[in-house]
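Structure file coords-v9.pdb (PDB, C-alpha atoms) is printed below.
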ATOM      1  CA  MET A   1      91.597 104.727  75.769  1.00  0.00           C
ATOM      2  CA  GLU A   2      88.992 102.021  76.253  1.00  0.00           C
ATOM      3  CA  ALA A   3      88.915 100.540  79.756  1.00  0.00           C
ATOM      4  CA  SER A   4      89.350  96.774  79.933  1.00  0.00           C
ATOM      5  CA  GLU A   5      86.571  94.519  81.191  1.00  0.00           C
ATOM      6  CA  GLU A   6      88.595  93.927  84.371  1.00  0.00           C
ATOM      7  CA  VAL A   7      88.931  97.674  85.016  1.00  0.00           C
ATOM      8  CA  ARG A   8      85.213  98.242  84.399  1.00  0.00           C
ATOM      9  CA  ALA A   9      84.359  95.440  86.839  1.00  0.00           C
ATOM     10  CA  ALA A  10      86.775  96.856  89.430  1.00  0.00           C
ATOM     11  CA  ALA A  11      85.272 100.335  88.975  1.00  0.00           C
ATOM     12  CA  HIS A  12      81.815  98.896  89.610  1.00  0.00           C
ATOM     13  CA  ARG A  13      82.980  97.233  92.835  1.00  0.00           C
ATOM     14  CA  VAL A  14      84.714 100.427  94.002  1.00  0.00           C
ATOM     15  CA  GLY A  15      81.595 102.418  93.124  1.00  0.00           C
ATOM     16  CA  GLU A  16      79.629 100.253  95.545  1.00  0.00           C
ATOM     17  CA  VAL A  17      82.116 101.172  98.287  1.00  0.00           C
ATOM     18  CA  PHE A  18      82.080 104.870  97.360  1.00  0.00           C
ATOM     19  CA  GLY A  19      78.295 104.989  97.011  1.00  0.00           C
ATOM     20  CA  VAL A  20      78.634 106.779  93.657  1.00  0.00           C
ATOM     21  CA  SER A  21      79.579 105.768  90.136  1.00  0.00           C
ATOM     22  CA  PRO A  22      83.255 106.775  89.911  1.00  0.00           C
ATOM     23  CA  GLN A  23      85.075 108.587  87.164  1.00  0.00           C
ATOM     24  CA  VAL A  24      87.965 106.449  85.850  1.00  0.00           C
ATOM     25  CA  LEU A  25      91.270 108.115  84.965  1.00  0.00           C
ATOM     26  CA  ARG A  26      94.229 106.439  83.247  1.00  0.00           C
ATOM     27  CA  PHE A  27      97.831 107.338  84.070  1.00  0.00           C
ATOM     28  CA  ARG A  28     101.039 106.382  82.257  1.00  0.00           C
ATOM     29  CA  ALA A  29     104.454 106.361  83.897  1.00  0.00           C
ATOM     30  CA  PRO A  30     107.151 108.593  82.382  1.00  0.00           C
ATOM     31  CA  VAL A  31     109.264 106.999  79.676  1.00  0.00           C
ATOM     32  CA  ASP A  32     112.576 105.763  81.055  1.00  0.00           C
ATOM     33  CA  PRO A  33     115.296 107.057  78.689  1.00  0.00           C
ATOM     34  CA  ASP A  34     117.613 104.312  79.945  1.00  0.00           C
ATOM     35  CA  GLY A  35     114.963 101.623  79.599  1.00  0.00           C
ATOM     36  CA  ASP A  36     114.861  98.759  77.109  1.00  0.00           C
ATOM     37  CA  GLY A  37     112.169 100.260  74.892  1.00  0.00           C
ATOM     38  CA  GLU A  38     109.216  98.670  76.712  1.00  0.00           C
ATOM     39  CA  ASP A  39     106.034 100.676  76.981  1.00  0.00           C
ATOM     40  CA  PRO A  40     105.685 102.559  80.295  1.00  0.00           C
ATOM     41  CA  GLU A  41     103.424 101.081  82.959  1.00  0.00           C
ATOM     42  CA  GLU A  42      99.840 102.336  83.169  1.00  0.00           C
ATOM     43  CA  VAL A  43      97.347 102.369  86.026  1.00  0.00           C
ATOM     44  CA  SER A  44      93.639 103.193  86.300  1.00  0.00           C
ATOM     45  CA  ILE A  45      92.344 105.341  89.169  1.00  0.00           C
ATOM     46  CA  ALA A  46      88.699 105.649  90.255  1.00  0.00           C
ATOM     47  CA  VAL A  47      87.509 109.011  91.616  1.00  0.00           C
ATOM     48  CA  GLY A  48      84.335 109.154  93.701  1.00  0.00           C
ATOM     49  CA  ASP A  49      82.993 112.596  94.578  1.00  0.00           C
ATOM     50  CA  GLY A  50      81.075 113.116  97.798  1.00  0.00           C
ATOM     51  CA  CYS A  51      82.693 110.122  99.490  1.00  0.00           C
ATOM     52  CA  PRO A  52      82.906 109.679 102.444  1.00  0.00           C
ATOM     53  CA  GLY A  53      80.763 112.852 102.640  1.00  0.00           C
ATOM     54  CA  PRO A  54      80.111 116.277 101.147  1.00  0.00           C
ATOM     55  CA  GLY A  55      83.294 118.248 100.510  1.00  0.00           C
ATOM     56  CA  TYR A  56      85.434 115.114 100.071  1.00  0.00           C
ATOM     57  CA  ALA A  57      86.459 112.741  97.299  1.00  0.00           C
ATOM     58  CA  SER A  58      87.823 109.209  97.442  1.00  0.00           C
ATOM     59  CA  TYR A  59      90.346 107.693  95.056  1.00  0.00           C
ATOM     60  CA  ALA A  60      91.288 104.059  94.396  1.00  0.00           C
ATOM     61  CA  THR A  61      93.580 102.140  92.063  1.00  0.00           C
ATOM     62  CA  LEU A  62      91.722  99.614  89.923  1.00  0.00           C
ATOM     63  CA  ASP A  63      94.462  97.493  88.369  1.00  0.00           C
ATOM     64  CA  MET A  64      97.541  97.861  90.579  1.00  0.00           C
ATOM     65  CA  VAL A  65      97.129  94.190  91.556  1.00  0.00           C
ATOM     66  CA  ARG A  66      99.242  93.204  88.567  1.00  0.00           C
ATOM     67  CA  PHE A  67     102.291  95.020  89.984  1.00  0.00           C
ATOM     68  CA  PRO A  68     104.714  93.227  92.323  1.00  0.00           C
ATOM     69  CA  THR A  69     104.386  93.770  96.060  1.00  0.00           C
ATOM     70  CA  ASN A  70     107.412  91.603  96.976  1.00  0.00           C
ATOM     71  CA  VAL A  71     105.235  89.976  99.656  1.00  0.00           C
ATOM     72  CA  THR A  72     103.786  86.469  99.884  1.00  0.00           C
ATOM     73  CA  THR A  73     101.680  84.494 102.320  1.00  0.00           C
ATOM     74  CA  GLU A  74     103.306  81.852 104.541  1.00  0.00           C
ATOM     75  CA  ASP A  75     102.306  79.195 102.005  1.00  0.00           C
ATOM     76  CA  GLY A  76     103.919  81.119  99.133  1.00  0.00           C
ATOM     77  CA  ARG A  77     100.901  82.717  97.464  1.00  0.00           C
ATOM     78  CA  PRO A  78     101.490  86.252  96.142  1.00  0.00           C
ATOM     79  CA  ILE A  79      99.840  89.107  98.009  1.00  0.00           C
ATOM     80  CA  ARG A  80      98.404  91.682  95.586  1.00  0.00           C
ATOM     81  CA  THR A  81      97.422  95.200  96.649  1.00  0.00           C
ATOM     82  CA  GLU A  82      95.195  98.069  95.567  1.00  0.00           C
ATOM     83  CA  LEU A  83      95.411 101.546  97.103  1.00  0.00           C
ATOM     84  CA  ILE A  84      92.715 103.919  98.307  1.00  0.00           C
ATOM     85  CA  THR A  85      92.800 107.439  99.735  1.00  0.00           C
ATOM     86  CA  VAL A  86      90.644 110.429 100.595  1.00  0.00           C
ATOM     87  CA  GLY A  87      91.020 114.156 100.044  1.00  0.00           C
ATOM     88  CA  ARG A  88      89.205 117.446  99.873  1.00  0.00           C
ATOM     89  CA  ALA A  89      86.836 117.700  96.919  1.00  0.00           C
ATOM     90  CA  ASP A  90      88.656 120.727  95.520  1.00  0.00           C
ATOM     91  CA  TYR A  91      92.054 118.991  95.481  1.00  0.00           C
ATOM     92  CA  ARG A  92      92.078 116.653  92.471  1.00  0.00           C
ATOM     93  CA  LEU A  93      95.749 115.675  92.312  1.00  0.00           C
ATOM     94  CA  LEU A  94      95.380 112.760  94.738  1.00  0.00           C
ATOM     95  CA  SER A  95      94.741 110.600  91.676  1.00  0.00           C
ATOM     96  CA  ASP A  96      98.254 111.554  90.516  1.00  0.00           C
ATOM     97  CA  VAL A  97      99.629 110.737  93.986  1.00  0.00           C
ATOM     98  CA  LEU A  98      98.114 107.230  93.872  1.00  0.00           C
ATOM     99  CA  ALA A  99      99.538 106.769  90.383  1.00  0.00           C
ATOM    100  CA  GLN A 100     103.001 107.711  91.699  1.00  0.00           C
ATOM    101  CA  CYS A 101     102.633 105.087  94.443  1.00  0.00           C
ATOM    102  CA  ALA A 102     101.570 102.482  91.895  1.00  0.00           C
ATOM    103  CA  PHE A 103     104.512 103.231  89.608  1.00  0.00           C
ATOM    104  CA  GLN A 104     106.961 102.914  92.497  1.00  0.00           C
ATOM    105  CA  ALA A 105     105.412  99.503  93.232  1.00  0.00           C
ATOM    106  CA  ALA A 106     105.639  98.582  89.535  1.00  0.00           C
ATOM    107  CA  SER A 107     109.380  99.259  89.637  1.00  0.00           C
ATOM    108  CA  GLY A 108     109.721  96.473  92.231  1.00  0.00           C
ATOM    109  CA  SER A 109     111.452  98.810  94.686  1.00  0.00           C
ATOM    110  CA  LEU A 110     108.876  98.493  97.497  1.00  0.00           C
ATOM    111  CA  HIS A 111     107.630  95.861  99.911  1.00  0.00           C
ATOM    112  CA  VAL A 112     103.970  96.852  99.756  1.00  0.00           C
ATOM    113  CA  THR A 113     102.724  96.144 103.283  1.00  0.00           C
ATOM    114  CA  PRO A 114     100.918  98.086 106.009  1.00  0.00           C
ATOM    115  CA  ASN A 115     103.076 100.923 107.364  1.00  0.00           C
ATOM    116  CA  THR A 116     105.318 101.079 104.288  1.00  0.00           C
ATOM    117  CA  ILE A 117     106.432 104.576 103.266  1.00  0.00           C
ATOM    118  CA  VAL A 118     106.409 105.574  99.600  1.00  0.00           C
ATOM    119  CA  PRO A 119     108.977 108.375  99.432  1.00  0.00           C
ATOM    120  CA  ASN A 120     108.224 111.541  97.456  1.00  0.00           C
ATOM    121  CA  ALA A 121     104.903 110.246  96.083  1.00  0.00           C
ATOM    122  CA  VAL A 122     103.173 113.575  96.797  1.00  0.00           C
ATOM    123  CA  HIS A 123     106.166 115.697  95.836  1.00  0.00           C
ATOM    124  CA  ALA A 124     106.469 113.979  92.434  1.00  0.00           C
ATOM    125  CA  ALA A 125     102.812 114.686  91.686  1.00  0.00           C
ATOM    126  CA  ASP A 126     102.547 118.167  93.212  1.00  0.00           C
ATOM    127  CA  PRO A 127     105.738 119.846  94.500  1.00  0.00           C
ATOM    128  CA  GLY A 128     105.408 122.439  97.241  1.00  0.00           C
ATOM    129  CA  ARG A 129     102.828 120.738  99.466  1.00  0.00           C
ATOM    130  CA  SER A 130     103.484 120.383 103.196  1.00  0.00           C
ATOM    131  CA  THR A 131     103.188 116.622 102.828  1.00  0.00           C
ATOM    132  CA  ARG A 132     105.698 115.031 100.432  1.00  0.00           C
ATOM    133  CA  HIS A 133     105.535 111.293 101.100  1.00  0.00           C
ATOM    134  CA  VAL A 134     102.894 108.602 101.634  1.00  0.00           C
ATOM    135  CA  LEU A 135     102.413 106.142 104.491  1.00  0.00           C
ATOM    136  CA  LEU A 136     100.439 103.008 103.545  1.00  0.00           C
ATOM    137  CA  VAL A 137      98.104 101.855 106.319  1.00  0.00           C
ATOM    138  CA  VAL A 138      95.158  99.519 106.809  1.00  0.00           C
ATOM    139  CA  PRO A 139      92.103 101.464 105.534  1.00  0.00           C
ATOM    140  CA  PHE A 140      89.923 103.012 108.239  1.00  0.00           C
ATOM    141  CA  ILE A 141      87.382 105.236 106.460  1.00  0.00           C
ATOM    142  CA  TRP A 142      85.262 103.101 104.083  1.00  0.00           C
ATOM    143  CA  ALA A 143      82.955 100.881 106.116  1.00  0.00           C
ATOM    144  CA  THR A 144      82.020  98.475 103.299  1.00  0.00           C
ATOM    145  CA  LEU A 145      85.520  98.035 101.858  1.00  0.00           C
ATOM    146  CA  GLU A 146      86.567  94.364 101.936  1.00  0.00           C
ATOM    147  CA  ILE A 147      90.163  94.874 103.053  1.00  0.00           C
ATOM    148  CA  LEU A 148      91.372  91.319 102.407  1.00  0.00           C
ATOM    149  CA  VAL A 149      90.228  88.772  99.823  1.00  0.00           C
ATOM    150  CA  ASP A 150      91.809  85.339 100.382  1.00  0.00           C
ATOM    151  CA  ARG A 151      91.659  83.103  97.291  1.00  0.00           C
ATOM    152  CA  GLU A 152      93.248  79.769  96.477  1.00  0.00           C
ATOM    153  CA  GLU A 153      95.729  81.324  94.045  1.00  0.00           C
ATOM    154  CA  ASP A 154      96.527  84.619  95.816  1.00  0.00           C
ATOM    155  CA  VAL A 155      95.503  87.197  98.394  1.00  0.00           C
ATOM    156  CA  THR A 156      94.356  90.718  97.510  1.00  0.00           C
ATOM    157  CA  THR A 157      94.493  93.497 100.078  1.00  0.00           C
ATOM    158  CA  TRP A 158      93.674  97.194 100.233  1.00  0.00           C
ATOM    159  CA  LEU A 159      95.959  99.815 101.769  1.00  0.00           C
ATOM    160  CA  GLN A 160      95.151 103.459 102.440  1.00  0.00           C
ATOM    161  CA  ALA A 161      97.610 106.116 101.272  1.00  0.00           C
ATOM    162  CA  VAL A 162      98.128 108.757 103.986  1.00  0.00           C
ATOM    163  CA  PRO A 163     100.255 111.778 102.992  1.00  0.00           C
ATOM    164  CA  ILE A 164     102.994 112.591 105.509  1.00  0.00           C
ATOM    165  CA  THR A 165     105.526 115.392 106.005  1.00  0.00           C
ATOM    166  CA  ASP A 166     109.323 115.352 105.949  1.00  0.00           C
ATOM    167  CA  SER A 167     109.511 115.573 109.738  1.00  0.00           C
ATOM    168  CA  GLU A 168     107.027 112.690 110.073  1.00  0.00           C
ATOM    169  CA  LEU A 169     109.200 110.637 107.722  1.00  0.00           C
ATOM    170  CA  GLN A 170     112.228 111.418 109.903  1.00  0.00           C
ATOM    171  CA  PHE A 171     110.249 110.478 113.028  1.00  0.00           C
ATOM    172  CA  ALA A 172     109.323 107.150 111.409  1.00  0.00           C
ATOM    173  CA  SER A 173     112.930 106.425 110.479  1.00  0.00           C
ATOM    174  CA  LYS A 174     113.947 106.852 114.131  1.00  0.00           C
ATOM    175  CA  ASN A 175     110.921 105.376 115.901  1.00  0.00           C
ATOM    176  CA  GLY A 176     109.259 103.118 113.338  1.00  0.00           C
ATOM    177  CA  THR A 177     106.193 103.523 111.157  1.00  0.00           C
ATOM    178  CA  ASP A 178     103.900 101.993 113.801  1.00  0.00           C
ATOM    179  CA  ALA A 179     104.892 104.809 116.161  1.00  0.00           C
ATOM    180  CA  LEU A 180     104.200 107.373 113.447  1.00  0.00           C
ATOM    181  CA  PHE A 181     100.727 105.991 112.796  1.00  0.00           C
ATOM    182  CA  GLU A 182      99.978 106.054 116.512  1.00  0.00           C
ATOM    183  CA  ARG A 183     101.142 109.691 116.632  1.00  0.00           C
ATOM    184  CA  LEU A 184      98.896 110.582 113.674  1.00  0.00           C
ATOM    185  CA  GLU A 185      95.940 108.892 115.381  1.00  0.00           C
ATOM    186  CA  SER A 186      96.509 110.466 118.796  1.00  0.00           C
ATOM    187  CA  ALA A 187      96.916 113.914 117.238  1.00  0.00           C
ATOM    188  CA  GLY A 188      93.692 113.525 115.261  1.00  0.00           C
ATOM    189  CA  ALA A 189      95.550 114.363 112.037  1.00  0.00           C
ATOM    190  CA  ASP A 190      93.237 115.325 109.175  1.00  0.00           C
ATOM    191  CA  VAL A 191      94.572 112.912 106.578  1.00  0.00           C
ATOM    192  CA  SER A 192      92.379 114.491 103.899  1.00  0.00           C
ATOM    193  CA  ASP A 193      94.344 117.761 104.096  1.00  0.00           C
ATOM    194  CA  ILE A 194      97.334 117.652 101.743  1.00  0.00           C
ATOM    195  CA  ASP A 195      98.744 120.771 103.424  1.00  0.00           C
ATOM    196  CA  ARG A 196      98.158 119.821 107.059  1.00  0.00           C
ATOM    197  CA  ALA A 197     100.639 120.666 109.786  1.00  0.00           C
ATOM    198  CA  SER A 198     103.085 117.993 110.929  1.00  0.00           C
ATOM    199  CA  VAL A 199     102.216 116.085 114.117  1.00  0.00           C
ATOM    200  CA  VAL A 200     105.876 115.752 115.165  1.00  0.00           C
TER     201      VAL A 200
END

structure tokens encoding of this file:
Amino acid sequence: MEASEEVRAAAHRVGEVFGVSPQVLRFRAPVDPDGDGEDPEEVSIAVGDGCPGPGYASYATLDMVRFPTNVTTEDGRPIRTELITVGRADYRLLSDVLAQCAFQAASGSLHVTPNTIVPNAVHAADPGRSTRHVLLVVPFIWATLEILVDREEDVTTWLQAVPITDSELQFASKNGTDALFERLESAGADVSDIDRASVV
């Protein structure tokens, strides 16, 4: 499938952040048997090997901005969001995980803001991993990533997808997602390891 001009431009911008020309993958959501016959949503994911360093790969959505975030600025402008994440170079399914996050956003079921949890995003892409869900946080790995672009018509932000475990999800439900992120930080959690141990 031919990438649109917008996706190619977005891939170029992401490539500047990654420091490499990314591979672009296209994902399609499963067909909803109870749906109204509309075509399933699609999303493009950029994959940059060797970023942020040898042994790692970075992943970013390129056209998730067209999906609803259910969030606006104080003056009523829509806030659009793209997602980014990092993993080990030998674990390629993080592109599928980002696609799962994007499709949950496309369904309109999420408020896409910092410290939002996307339930079962890892599990849906790759069952059996120690992490099953995703916590969306303000990105903290890519030094040149412009996290917020404020335009007259809308605002575009970036959020980082951090895989989390069942027990971390339970901790967040009791103590809040801010407390979970602080626990991840203080424990020095390796967010690139899809099978890392829980910090709670």

Self-check item: Selection near A:Leu62, 8 Å with only C-alpha atoms, sequence-local residues under 5 positions removed, as a PyMOL selection string
Solution: chain A and resi 7+10-11+43-46+82

Quiz item: For A:Leu136, which of A:Phe181, A:Tyr59, A:Phe18, A:Phe103 is the closest residue, counting all atoms listed in the file?
Solution: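 That would be A:Phe181, the residue with the smallest distance to A:Leu136.
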
Quiz item: Using the chain letters and numbers from the file, which residues does the PyMOL selection byres ((chain A and resi 77) around 9) grab, as a ChimeraX atom specification?
Solution: /A:71-76,78-79,152-155

Quiz item: Closest to A:Gly128 among A:Leu148, A:Ile194, A:Gly87, A:Ala179, using all atoms listed in the file?
Solution: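 Of A:Leu148, A:Ile194, A:Gly87, A:Ala179, the one nearest A:Gly128 is A:Ile194, counting all atoms listed in the file.
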
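Residues matched by the PyMOL selection byres ((chain A and resi 30) around 12) in this structure: Phe27, Arg28, Ala29, Val31, Asp32, Pro33, Asp34, Gly35, Glu38, Asp39, Pro40, Glu41, Glu42, Ala99, Gln100, Phe103, Gln104, Ala124 and Ala125 of chain A.
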
Mind dumping the selected residues with C-alpha atoms as an mmCIF file, in the frame of the given file?
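Once everything was written out, this is selection.cif:
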data_model
loop_
_atom_site.group_PDB
_atom_site.id
_atom_site.type_symbol
_atom_site.label_atom_id
_atom_site.label_comp_id
_atom_site.auth_asym_id
_atom_site.auth_seq_id
_atom_site.Cartn_x
_atom_site.Cartn_y
_atom_site.Cartn_z
ATOM 1 C CA PHE A 27 97.831 107.338 84.070
ATOM 2 C CA ARG A 28 101.039 106.382 82.257
ATOM 3 C CA ALA A 29 104.454 106.361 83.897
ATOM 4 C CA VAL A 31 109.264 106.999 79.676
ATOM 5 C CA ASP A 32 112.576 105.763 81.055
ATOM 6 C CA PRO A 33 115.296 107.057 78.689
ATOM 7 C CA ASP A 34 117.613 104.312 79.945
ATOM 8 C CA GLY A 35 114.963 101.623 79.599
ATOM 9 C CA GLU A 38 109.216 98.670 76.712
ATOM 10 C CA ASP A 39 106.034 100.676 76.981
ATOM 11 C CA PRO A 40 105.685 102.559 80.295
ATOM 12 C CA GLU A 41 103.424 101.081 82.959
ATOM 13 C CA GLU A 42 99.840 102.336 83.169
ATOM 14 C CA ALA A 99 99.538 106.769 90.383
ATOM 15 C CA GLN A 100 103.001 107.711 91.699
ATOM 16 C CA PHE A 103 104.512 103.231 89.608
ATOM 17 C CA GLN A 104 106.961 102.914 92.497
ATOM 18 C CA ALA A 124 106.469 113.979 92.434
ATOM 19 C CA ALA A 125 102.812 114.686 91.686
#

Quiz item: Just how far from atom CA of A:Glu16 is atom CA of A:Leu145, in Å to one decimal?
Solution: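 We find that atom CA of A:Leu145 and atom CA of A:Glu16 lie 8.9 Å from each other.
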
Exercise. Tell me which residues the PyMOL selection byres ((chain A and resi 49) around 12) grabs here, as a ChimeraX atom specification.
Key: /A:15,18-24,46-48,50-60,86-92

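The smallest atom-to-atom distance between A:Met64 and any of A:Leu93, A:Val137, A:Ala189, A:Ala102, using all atoms listed in the file, is found for A:Ala102.
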
Practice problem: May I ask which of the residues A:Ser130, A:Val149, A:Thr69, A:Ala106 is the closest one to A:Val199, counting all atoms listed in the file? | Solution: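 Nearest candidate to A:Val199 out of A:Ser130, A:Val149, A:Thr69, A:Ala106: A:Ser130.
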
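The interatomic distance for the pair atom CA of A:Arg151 and atom CA of A:Ile117 works out to 26.7 Å.
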
Quiz item: So how far away is atom CA of A:Pro139 from atom CA of A:Ala105, in Å?
Solution: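 Between these atoms lies a distance of 18.2 Å.
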
Exercise. Rank nothing, just name the residue among A:Val14, A:Leu159, A:Leu25, A:Val118 nearest to A:Ile84, using all atoms listed in the file.
Key: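 Distance minimum relative to A:Ile84 lands on A:Leu159.
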
Kindly compute an axis-aligned box around the listed atoms of stretch 50-54 of chain A, allowing 6 Å on each side, and express its centre and edge lengths in Å to one decimal as lines of an AutoDock Vina configuration file.
center_x = 81.5
center_y = 113.0
center_z = 100.2
size_x = 14.8
size_y = 18.6
size_z = 16.8

Quiz prompt | Proximity to A:Ser192 - best of A:Ser107, A:Thr85, A:Ser4, A:Thr144, all atoms listed in the file | solution = A:Thr85

Quiz item: Leaving out A:Leu135 and any residue of its chain fewer than 3 positions from it, which residues lie within 10 Å of it when counting only C-alpha atoms, given as a VMD selection string?
Solution: chain A and resid 114 to 119 121 159 to 165 168 to 169 172 177 180 to 181

Mind writing the picked residues with C-alpha atoms as a PDB file, keeping the file's coordinate frame?
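Heads up, here's the output in selection.pdb:
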ATOM      1  CA  PRO A 114     100.918  98.086 106.009  1.00  0.00           C
ATOM      2  CA  ASN A 115     103.076 100.923 107.364  1.00  0.00           C
ATOM      3  CA  THR A 116     105.318 101.079 104.288  1.00  0.00           C
ATOM      4  CA  ILE A 117     106.432 104.576 103.266  1.00  0.00           C
ATOM      5  CA  VAL A 118     106.409 105.574  99.600  1.00  0.00           C
ATOM      6  CA  PRO A 119     108.977 108.375  99.432  1.00  0.00           C
ATOM      7  CA  ALA A 121     104.903 110.246  96.083  1.00  0.00           C
ATOM      8  CA  LEU A 159      95.959  99.815 101.769  1.00  0.00           C
ATOM      9  CA  GLN A 160      95.151 103.459 102.440  1.00  0.00           C
ATOM     10  CA  ALA A 161      97.610 106.116 101.272  1.00  0.00           C
ATOM     11  CA  VAL A 162      98.128 108.757 103.986  1.00  0.00           C
ATOM     12  CA  PRO A 163     100.255 111.778 102.992  1.00  0.00           C
ATOM     13  CA  ILE A 164     102.994 112.591 105.509  1.00  0.00           C
ATOM     14  CA  THR A 165     105.526 115.392 106.005  1.00  0.00           C
ATOM     15  CA  GLU A 168     107.027 112.690 110.073  1.00  0.00           C
ATOM     16  CA  LEU A 169     109.200 110.637 107.722  1.00  0.00           C
ATOM     17  CA  ALA A 172     109.323 107.150 111.409  1.00  0.00           C
ATOM     18  CA  THR A 177     106.193 103.523 111.157  1.00  0.00           C
ATOM     19  CA  LEU A 180     104.200 107.373 113.447  1.00  0.00           C
ATOM     20  CA  PHE A 181     100.727 105.991 112.796  1.00  0.00           C
TER      21      PHE A 181
END

Quiz item: Quick one: residues within 8 Å of A:Ser167, all atoms listed in the file counted, chain neighbours fewer than 4 positions away excluded, as an MDAnalysis selection string?
Solution: chainID A and resid 171 198 200

Could you add the missing atoms to stretch 66-82 of chain A, up to N, CA and C atoms, and return them as a PDB file, in the frame of the given file?
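The file below, out_12.pdb, is the result:
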ATOM      1  N   ARG A  66      98.309  93.916  89.446  1.00  0.00           N
ATOM      2  CA  ARG A  66      99.242  93.204  88.567  1.00  0.00           C
ATOM      3  C   ARG A  66     100.694  93.589  88.823  1.00  0.00           C
ATOM      4  N   PHE A  67     100.930  94.597  89.676  1.00  0.00           N
ATOM      5  CA  PHE A  67     102.291  95.020  89.984  1.00  0.00           C
ATOM      6  C   PHE A  67     102.834  94.215  91.166  1.00  0.00           C
ATOM      7  N   PRO A  68     104.151  94.023  91.218  1.00  0.00           N
ATOM      8  CA  PRO A  68     104.714  93.227  92.323  1.00  0.00           C
ATOM      9  C   PRO A  68     104.622  93.960  93.654  1.00  0.00           C
ATOM     10  N   THR A  69     104.350  93.201  94.708  1.00  0.00           N
ATOM     11  CA  THR A  69     104.386  93.770  96.060  1.00  0.00           C
ATOM     12  C   THR A  69     105.596  93.257  96.836  1.00  0.00           C
ATOM     13  N   ASN A  70     106.270  92.237  96.304  1.00  0.00           N
ATOM     14  CA  ASN A  70     107.412  91.603  96.976  1.00  0.00           C
ATOM     15  C   ASN A  70     107.020  90.995  98.318  1.00  0.00           C
ATOM     16  N   VAL A  71     105.750  90.568  98.423  1.00  0.00           N
ATOM     17  CA  VAL A  71     105.235  89.976  99.656  1.00  0.00           C
ATOM     18  C   VAL A  71     104.415  88.737  99.285  1.00  0.00           C
ATOM     19  N   THR A  72     104.569  87.678 100.093  1.00  0.00           N
ATOM     20  CA  THR A  72     103.786  86.469  99.884  1.00  0.00           C
ATOM     21  C   THR A  72     103.198  86.011 101.217  1.00  0.00           C
ATOM     22  N   THR A  73     102.220  85.128 101.123  1.00  0.00           N
ATOM     23  CA  THR A  73     101.680  84.494 102.320  1.00  0.00           C
ATOM     24  C   THR A  73     102.667  83.443 102.811  1.00  0.00           C
ATOM     25  N   GLU A  74     102.415  82.883 103.993  1.00  0.00           N
ATOM     26  CA  GLU A  74     103.306  81.852 104.541  1.00  0.00           C
ATOM     27  C   GLU A  74     103.371  80.622 103.643  1.00  0.00           C
ATOM     28  N   ASP A  75     102.285  80.360 102.896  1.00  0.00           N
ATOM     29  CA  ASP A  75     102.306  79.195 102.005  1.00  0.00           C
ATOM     30  C   ASP A  75     102.742  79.550 100.584  1.00  0.00           C
ATOM     31  N   GLY A  76     103.290  80.762 100.405  1.00  0.00           N
ATOM     32  CA  GLY A  76     103.919  81.119  99.133  1.00  0.00           C
ATOM     33  C   GLY A  76     103.028  81.780  98.101  1.00  0.00           C
ATOM     34  N   ARG A  77     101.765  82.039  98.428  1.00  0.00           N
ATOM     35  CA  ARG A  77     100.901  82.717  97.464  1.00  0.00           C
ATOM     36  C   ARG A  77     101.231  84.208  97.414  1.00  0.00           C
ATOM     37  N   PRO A  78     101.206  84.817  96.221  1.00  0.00           N
ATOM     38  CA  PRO A  78     101.490  86.252  96.142  1.00  0.00           C
ATOM     39  C   PRO A  78     100.384  87.073  96.802  1.00  0.00           C
ATOM     40  N   ILE A  79     100.791  88.144  97.459  1.00  0.00           N
ATOM     41  CA  ILE A  79      99.840  89.107  98.009  1.00  0.00           C
ATOM     42  C   ILE A  79      99.792  90.292  97.057  1.00  0.00           C
ATOM     43  N   ARG A  80      98.621  90.566  96.520  1.00  0.00           N
ATOM     44  CA  ARG A  80      98.404  91.682  95.586  1.00  0.00           C
ATOM     45  C   ARG A  80      97.743  92.826  96.360  1.00  0.00           C
ATOM     46  N   THR A  81      97.948  94.052  95.898  1.00  0.00           N
ATOM     47  CA  THR A  81      97.422  95.200  96.649  1.00  0.00           C
ATOM     48  C   THR A  81      96.844  96.254  95.719  1.00  0.00           C
ATOM     49  N   GLU A  82      95.731  96.836  96.147  1.00  0.00           N
ATOM     50  CA  GLU A  82      95.195  98.069  95.567  1.00  0.00           C
ATOM     51  C   GLU A  82      95.291  99.156  96.633  1.00  0.00           C
TER      52      GLU A  82
END
